[in-house]
Amino acid sequence: MKKLLRIIPIFLTVILISGTPEKDFSLEKSNNNLIQNLMAQMSLDEKIGQMTMMCISSISANGDKTLFIHPDSALKAIVKYNVGSFISGFGTMAEWKDFVTKLQKMAVTQSRHKIPLLIGIDHVHGANYIKEGTILPHNLNLSCSFDTSLVRKCAALTADETLEAGIRWNLAPVLDLGKNAYWPRLYETFGEDPFVCAAFGAAYVSGIQTDSKGMPSGIAACGKHFIGYSDPKSGWDRTLAEIPDQLMYELFVPPFREAINRGISSIMLNSGEVNGVPVHASLELVNDLLKGYLNFKGIVVSDIKDIQKIVSMHRFAVDEKEATLLAINAGLDISMACNSYDFIRYIKELVQEGKISEQRINMSVEKILRFKSSLGLFNDPYPAKNTNWNTETENHRTIALLAAENSIVLLKNDGILPLNNKANIAVTGIAANSKLHLTGGWTFDWNGAPEERQPKDMVTILDALKQEFKQANIYEVSSSQGEHESVKLLNEADVIILTAGEKPYSEFKGNINDLALDEAQDKWIKKVLSLGKPVILTLIEGRPRLITSYAEKASAVVFAGLPGMKGAEALSGILSGRVNPSGHLSFSYPLAAGHVAPYYQKFSDTPTVLYPFGYGLSYTQFGSSEIQLSDSIFRSSTDTINANIKISNIGSREGKDAVLWYISYPNGKITRPQKILRQFSKVELKPGETGLLTFKIIPEQHFSYPDKTGKIILQRGNYKLFCENHSVNLYFP
Ligand code: BGC
């Protein structure tokens, strides 16, 4: 009998909300009288101190990131130099609470105006600098879920754990466009597509600034790194980027614009240089683009020691004093000076010499005080007491698991997956029995922590497989067991799970010359593949390292990325079939090192990829109808045409699909991408179920693009709309 299809309307989960911030973080919302009184009473030194951020290592008894205060150094910073903010420490929740309490107490009892401190942290994938913190998948993974509600939950739990420690400022999310596969910070981005980055970035901002249970005591997000950081010509961190203005507006601006529309309260600048000018010294990018064009009213903070780098790295200013002047003129409010008080000295001299006006200083300081006030710091600068925060831990770990499960992408499956529970399974490769490869950089330390400092309530892939496949024989094989023994053990297996990829790194520590894997791994992978056994190639990596020749021989390929503390459990759930994979690539997986391009390249440069952007397999199958349009000709730029598509689960198990809508443009005088994503959503369907998805297309919103001055262009002519394997024509006369 023919199965009756149930049709259910699916509401698109991603509709970008522009214009209204979800929480009013506007700096005007703070305590006006208090701010005015302070501004009237503060000396120039006290004001400059508020513009200075020091690293916790500069006041720590151990001279590192540990949270034990060296009282004299702390008093020097807070009382002598009037420092207003600190960053970057690591410790247990109890140590953080104690540290924040003591430091705030020092500020509100010993400084002349009792101004509380801002304490910032790089919690870029969960509360990664708190020992008991939840370690989430990195952003590149999260974006592969194509589910913004998930990233919002992840951000909210990060905010909760961060606030619990008494920290009110999270230096996240990274809003850089991950279009350069070589760049060592790719895994911190939400992938290569500007629309996806904007949607995920905005959801993250809402998760941090709006959804935290700790509200109304506020916590702020910080979008970074404005702008053009992620596409250095050489692929190496902090090396020069050359970005034509038109592409800057079209590709790099949208994630920042969307975050600003969501009310993000602070933005960090890019350490690198764009088109020959260090961003920290760029009037054009900071003053004109960020504060002017994008109308950003919040705090502009430097990246670490970046005023110094204007001299030492970019050789743009003759000395640090000139660099300070350039940065202040560009629009900097807070300098992450880290371990030097020179910024304070130079800025004071510049004011005394009349090169910087006091009015300019007042502008930044007033903003900083309002920022502190809007975060509730003047009311209560201390961490919450007597909370039972660890009752939430289980819930947070569950979200981490869900995030990992949804972020893993099945790239190839010749039918070997899901795996038979009774098999002999050999596990090998770099991440077979380690936690640190799964959590990656920015985990308890800048470049990731050694195995012994990884979370206790985390398992390795080997252990997770043993838990998952109770009736199978699971064992590890390592290349260090000696060729003869290891090959013998591998030959005894019915299937081999071969892990390959990268060990943890952050920033320039992850610079590479080549996308190919290192020699040792290459040799081992080739050896394993040569045995003629079914191999499941499992990629644990922060960027797409080349696997073309391996993928061809493997029975299955899984991109697990950097899936966090629950990564091993998520992966084994997918391998066993308990979890149906639903991740889709948020980046193009390169075929070769020589030609690496995102999917939205121009017509003249057809991308060559191993797996395209948006690709991802499931254990069920999805079918789709033709695209149905409510009309095909727009009457005006604000007219709406509904495009409908039906997605059906035609397989035998429940699954999720990412549905992506692209458009292509008529010919015009600014060359256009081959196609560009304009909408996406994730649908979950039971076998036999059909979902109806609607994309409401409005020319003004979905067809327009900026020229090289940022002016919006709306071309007339024929457009094409693509979804799944279908396309239809649309006409905007
Ligand atoms: C990174 C920033 C980070 C800062 C403070 C810098 O090296 O570029 O993303 O927020 O360090 O840790």
# chains A, B, ... in the order shown; residues from 1 in each chain; ligands from 1
$ residues_near_ligand --ligand "ligand 1" --cutoff "6 Å" --atoms "only C-alpha atoms and all ligand atoms" --output "MDAnalysis selection string"
chainID A and resid 88 122 171 303:304
$ write_last_selection --atoms "all heavy atoms" --output "compact mmCIF listing (two decimals), in the first residue's frame"
# COMPACT_ATOMS: atom_id res chain seq x y z
N SER A 88 42.77 37.19 30.89
CA SER A 88 43.53 35.97 30.69
C SER A 88 44.11 35.31 31.93
O SER A 88 45.27 35.52 32.28
CB SER A 88 44.69 36.23 29.71
OG SER A 88 44.36 35.68 28.49
N ASP A 122 38.98 34.77 27.34
CA ASP A 122 38.74 34.19 26.02
C ASP A 122 38.00 32.87 26.16
O ASP A 122 38.58 31.79 25.98
CB ASP A 122 40.07 33.90 25.32
CG ASP A 122 40.83 35.15 24.96
OD1 ASP A 122 40.35 35.90 24.12
OD2 ASP A 122 41.92 35.36 25.53
N LEU A 171 35.54 37.53 25.64
CA LEU A 171 36.14 38.00 24.39
C LEU A 171 35.83 37.01 23.27
O LEU A 171 36.69 36.32 22.74
CB LEU A 171 37.64 38.21 24.58
CG LEU A 171 38.02 39.13 25.74
CD1 LEU A 171 39.53 39.28 25.86
CD2 LEU A 171 37.37 40.49 25.62
N ASP A 303 43.81 44.30 20.32
CA ASP A 303 44.26 42.95 20.60
C ASP A 303 45.57 43.08 21.40
O ASP A 303 46.07 44.18 21.64
CB ASP A 303 44.42 42.13 19.32
CG ASP A 303 44.38 40.63 19.60
OD1 ASP A 303 44.62 40.22 20.76
OD2 ASP A 303 44.12 39.84 18.68
N ILE A 304 46.13 41.94 21.74
CA ILE A 304 47.20 41.94 22.74
C ILE A 304 48.46 42.68 22.27
O ILE A 304 48.99 42.37 21.21
CB ILE A 304 47.48 40.49 23.19
CG1 ILE A 304 48.22 40.47 24.51
CG2 ILE A 304 48.19 39.67 22.14
CD1 ILE A 304 48.03 39.16 25.27
$ atom_distance --atom1 "CA of Phe316 in chain A" --atom2 "CA of Met248 in chain A"
22.0 Å
$ closest_residue --among "A:Ala259, A:Leu677, A:Gln467, A:Glu46" --to "His702 in chain A" --atoms "only C-alpha atoms"
A:Leu677
$ residues_around --residues "Ile115 in chain A" --least-positions-apart "2" --cutoff "10 Å" --atoms "only C-alpha atoms" --output "list in words"
Leu38, Gln50, Ile78, Asn82, Val83, Gly84, Gln104, Met106, Ala107, Val108, Thr109, Gln110, Ser111, Arg112, His113, Leu117, Leu118, Leu369, Lys372, Ser373, Leu377, Phe378 and Pro381 of chain A
$ closest_residue --among "A:Ile547, A:Leu103, A:Leu462, A:Val558" --to "Val79 in chain A" --atoms "only C-alpha atoms"
A:Leu103
$ select_by_dssp --residues "range 182-344 of chain A" --states "strand (DSSP E)" --output "list of chain:residue names"
A:Ala220, A:Ala221, A:Cys222, A:Gly223, A:Lys224, A:His225, A:Phe226, A:Ser266, A:Ile267, A:Met268, A:Leu269, A:Glu273, A:Val274, A:Val277, A:Pro278, A:Ile299, A:Val300, A:Val301, A:Ser335, A:Met336, A:Ala337, A:Cys338
$ residues_around --residues "Val351 in chain A" --least-positions-apart "6" --cutoff "12 Å" --atoms "only C-alpha atoms" --output "list in words"
Leu44, Asp45, Lys47, Ile48, Lys321, Thr324, Leu325, Ile328, Ile344, Arg345, Ser357, Glu358, Gln359, Arg360, Ile361 and Asn362 of chain A
$ write_last_selection --atoms "N, CA, C and O atoms" --output "mmCIF file, in the first residue's frame"
data_model
loop_
_atom_site.group_PDB
_atom_site.id
_atom_site.type_symbol
_atom_site.label_atom_id
_atom_site.label_comp_id
_atom_site.auth_asym_id
_atom_site.auth_seq_id
_atom_site.Cartn_x
_atom_site.Cartn_y
_atom_site.Cartn_z
ATOM 1 N N LEU A 44 43.247 63.137 35.066
ATOM 2 C CA LEU A 44 43.658 62.592 33.768
ATOM 3 C C LEU A 44 44.270 61.204 33.948
ATOM 4 O O LEU A 44 43.957 60.274 33.200
ATOM 5 N N ASP A 45 45.125 61.047 34.957
ATOM 6 C CA ASP A 45 45.750 59.735 35.200
ATOM 7 C C ASP A 45 44.689 58.667 35.434
ATOM 8 O O ASP A 45 44.791 57.547 34.937
ATOM 9 N N LYS A 47 41.687 58.642 34.442
ATOM 10 C CA LYS A 47 40.941 58.351 33.201
ATOM 11 C C LYS A 47 41.763 57.441 32.286
ATOM 12 O O LYS A 47 41.253 56.461 31.742
ATOM 13 N N ILE A 48 43.030 57.761 32.149
ATOM 14 C CA ILE A 48 43.866 56.950 31.242
ATOM 15 C C ILE A 48 43.950 55.507 31.751
ATOM 16 O O ILE A 48 43.936 54.558 30.961
ATOM 17 N N LYS A 321 54.992 55.930 20.924
ATOM 18 C CA LYS A 321 54.181 57.122 21.223
ATOM 19 C C LYS A 321 53.365 57.515 19.987
ATOM 20 O O LYS A 321 52.170 57.800 20.085
ATOM 21 N N THR A 324 50.606 55.080 19.605
ATOM 22 C CA THR A 324 49.501 55.349 20.542
ATOM 23 C C THR A 324 48.593 56.433 19.958
ATOM 24 O O THR A 324 47.364 56.310 19.973
ATOM 25 N N LEU A 325 49.219 57.461 19.427
ATOM 26 C CA LEU A 325 48.441 58.560 18.840
ATOM 27 C C LEU A 325 47.580 58.051 17.675
ATOM 28 O O LEU A 325 46.394 58.371 17.577
ATOM 29 N N ILE A 328 44.640 55.927 19.001
ATOM 30 C CA ILE A 328 43.595 56.733 19.652
ATOM 31 C C ILE A 328 42.823 57.522 18.593
ATOM 32 O O ILE A 328 41.598 57.596 18.615
ATOM 33 N N ILE A 344 50.139 54.166 29.234
ATOM 34 C CA ILE A 344 49.677 55.218 30.149
ATOM 35 C C ILE A 344 50.584 56.447 30.039
ATOM 36 O O ILE A 344 50.123 57.584 29.953
ATOM 37 N N ARG A 345 51.884 56.163 30.027
ATOM 38 C CA ARG A 345 52.855 57.277 29.941
ATOM 39 C C ARG A 345 52.695 58.043 28.622
ATOM 40 O O ARG A 345 52.592 59.260 28.602
ATOM 41 N N SER A 357 43.184 65.476 22.643
ATOM 42 C CA SER A 357 42.425 66.373 23.534
ATOM 43 C C SER A 357 41.868 65.598 24.721
ATOM 44 O O SER A 357 41.647 64.380 24.628
ATOM 45 N N GLU A 358 41.626 66.320 25.800
ATOM 46 C CA GLU A 358 41.005 65.656 26.970
ATOM 47 C C GLU A 358 39.594 65.205 26.627
ATOM 48 O O GLU A 358 39.113 64.209 27.134
ATOM 49 N N GLN A 359 39.016 65.972 25.723
ATOM 50 C CA GLN A 359 37.657 65.612 25.273
ATOM 51 C C GLN A 359 37.662 64.202 24.645
ATOM 52 O O GLN A 359 36.754 63.413 24.863
ATOM 53 N N ARG A 360 38.700 63.922 23.870
ATOM 54 C CA ARG A 360 38.824 62.598 23.231
ATOM 55 C C ARG A 360 38.963 61.497 24.299
ATOM 56 O O ARG A 360 38.346 60.435 24.198
ATOM 57 N N ILE A 361 39.765 61.807 25.317
ATOM 58 C CA ILE A 361 39.934 60.838 26.414
ATOM 59 C C ILE A 361 38.589 60.641 27.120
ATOM 60 O O ILE A 361 38.161 59.519 27.396
ATOM 61 N N ASN A 362 37.916 61.750 27.370
ATOM 62 C CA ASN A 362 36.616 61.669 28.065
ATOM 63 C C ASN A 362 35.628 60.790 27.303
ATOM 64 O O ASN A 362 34.856 60.044 27.903
#
$ atom_distance --atom1 "CA of His396 in chain A" --atom2 "CA of Thr439 in chain A"
15.9 Å
$ atom_distance --atom1 "CA of Leu175 in chain A" --atom2 "CA of Cys197 in chain A"
6.6 Å
$ residues_around --residues "Leu326 in chain A" --least-positions-apart "4" --cutoff "7 Å" --atoms "only C-alpha atoms" --output "number ranges by chain"
A: 281, 322, 330
$ closest_residue --among "A:Pro71, A:Gly429, A:Gly235, A:Gly655" --to "Lys527 in chain A" --atoms "only C-alpha atoms"
A:Gly429
$ closest_residue --among "A:Val301, A:Asn406, A:Leu247, A:Met268" --to "Lys602 in chain A" --atoms "only C-alpha atoms"
A:Leu247
$ closest_residue --among "A:Asp288, A:Glu192, A:Asp211, A:Asp445" --to "Asp176 in chain A" --atoms "only C-alpha atoms"
A:Glu192
$ select_by_dssp --residues "range 23-142 of chain A" --states "alpha helix (DSSP H)" --output "JSON, numbers by chain"
{"A": [32, 33, 34, 35, 36, 37, 38, 39, 40, 41, 44, 45, 46, 47, 48, 49, 50, 71, 72, 73, 74, 75, 93, 94, 95, 96, 97, 98, 99, 100, 101, 102, 103, 104, 105, 106, 107, 108, 109, 110, 139, 140, 141, 142]}
$ write_last_selection --atoms "C-alpha atoms" --output "PDB file, in the first residue's frame"
ATOM      1  CA  ASN A  32      23.871  58.662  34.392  1.00  0.00           C
ATOM      2  CA  ASN A  33      24.408  60.579  37.620  1.00  0.00           C
ATOM      3  CA  LEU A  34      27.093  58.228  38.806  1.00  0.00           C
ATOM      4  CA  ILE A  35      28.956  58.473  35.514  1.00  0.00           C
ATOM      5  CA  GLN A  36      28.706  62.271  35.355  1.00  0.00           C
ATOM      6  CA  ASN A  37      29.958  62.626  38.932  1.00  0.00           C
ATOM      7  CA  LEU A  38      32.874  60.322  38.287  1.00  0.00           C
ATOM      8  CA  MET A  39      33.799  62.088  35.064  1.00  0.00           C
ATOM      9  CA  ALA A  40      33.792  65.417  36.903  1.00  0.00           C
ATOM     10  CA  GLN A  41      36.051  64.153  39.682  1.00  0.00           C
ATOM     11  CA  LEU A  44      43.658  62.592  33.768  1.00  0.00           C
ATOM     12  CA  ASP A  45      45.750  59.735  35.200  1.00  0.00           C
ATOM     13  CA  GLU A  46      42.658  58.039  36.539  1.00  0.00           C
ATOM     14  CA  LYS A  47      40.941  58.351  33.201  1.00  0.00           C
ATOM     15  CA  ILE A  48      43.866  56.950  31.242  1.00  0.00           C
ATOM     16  CA  GLY A  49      44.028  54.014  33.644  1.00  0.00           C
ATOM     17  CA  GLN A  50      40.472  53.076  32.725  1.00  0.00           C
ATOM     18  CA  PRO A  71      49.472  42.037  46.300  1.00  0.00           C
ATOM     19  CA  ASP A  72      52.149  44.627  45.523  1.00  0.00           C
ATOM     20  CA  SER A  73      51.851  44.202  41.766  1.00  0.00           C
ATOM     21  CA  ALA A  74      48.063  44.285  41.970  1.00  0.00           C
ATOM     22  CA  LEU A  75      48.111  47.446  44.104  1.00  0.00           C
ATOM     23  CA  MET A  93      35.914  27.827  39.771  1.00  0.00           C
ATOM     24  CA  ALA A  94      36.801  28.383  43.435  1.00  0.00           C
ATOM     25  CA  GLU A  95      40.095  30.034  42.507  1.00  0.00           C
ATOM     26  CA  TRP A  96      38.360  32.327  40.033  1.00  0.00           C
ATOM     27  CA  LYS A  97      35.753  33.367  42.593  1.00  0.00           C
ATOM     28  CA  ASP A  98      38.405  34.058  45.158  1.00  0.00           C
ATOM     29  CA  PHE A  99      40.577  35.945  42.674  1.00  0.00           C
ATOM     30  CA  VAL A 100      37.741  38.116  41.350  1.00  0.00           C
ATOM     31  CA  THR A 101      36.508  38.844  44.870  1.00  0.00           C
ATOM     32  CA  LYS A 102      39.931  39.915  46.097  1.00  0.00           C
ATOM     33  CA  LEU A 103      40.738  41.975  43.049  1.00  0.00           C
ATOM     34  CA  GLN A 104      37.385  43.766  43.007  1.00  0.00           C
ATOM     35  CA  LYS A 105      37.659  44.378  46.717  1.00  0.00           C
ATOM     36  CA  MET A 106      41.013  45.997  46.158  1.00  0.00           C
ATOM     37  CA  ALA A 107      39.524  48.210  43.454  1.00  0.00           C
ATOM     38  CA  VAL A 108      36.422  49.284  45.354  1.00  0.00           C
ATOM     39  CA  THR A 109      38.117  49.832  48.674  1.00  0.00           C
ATOM     40  CA  GLN A 110      41.549  51.111  47.780  1.00  0.00           C
ATOM     41  CA  ASN A 139      33.042  27.312  16.258  1.00  0.00           C
ATOM     42  CA  LEU A 140      33.894  25.661  12.941  1.00  0.00           C
ATOM     43  CA  ASN A 141      32.205  22.521  14.242  1.00  0.00           C
ATOM     44  CA  LEU A 142      29.215  24.432  15.566  1.00  0.00           C
TER      45      LEU A 142
END
$ residues_around --residues "range 146-160 of chain A" --least-positions-apart "2" --cutoff "8 Å" --atoms "only C-alpha atoms" --output "JSON, numbers by chain"
{"A": [13, 14, 123, 125, 126, 127, 134, 136, 142, 143, 144, 162, 163, 164, 170, 196, 199, 200, 203, 204, 205, 206, 207, 208, 209, 210, 211, 212, 213, 214, 219, 396, 399, 400, 403, 583, 584, 586, 658, 680, 681, 682]}
$ residues_around --residues "range 276-278 of chain A" --least-positions-apart "5" --cutoff "9 Å" --atoms "only C-alpha atoms" --output "list in words"
Leu240, Ala241, Glu242, Asn270, Ser271, Lys309, Ile310, His314 and Phe316 of chain A
$ closest_residue --among "A:Ala165, A:Gly120, A:Arg257, A:Phe613" --to "Ala384 in chain A" --atoms "only C-alpha atoms"
A:Ala165
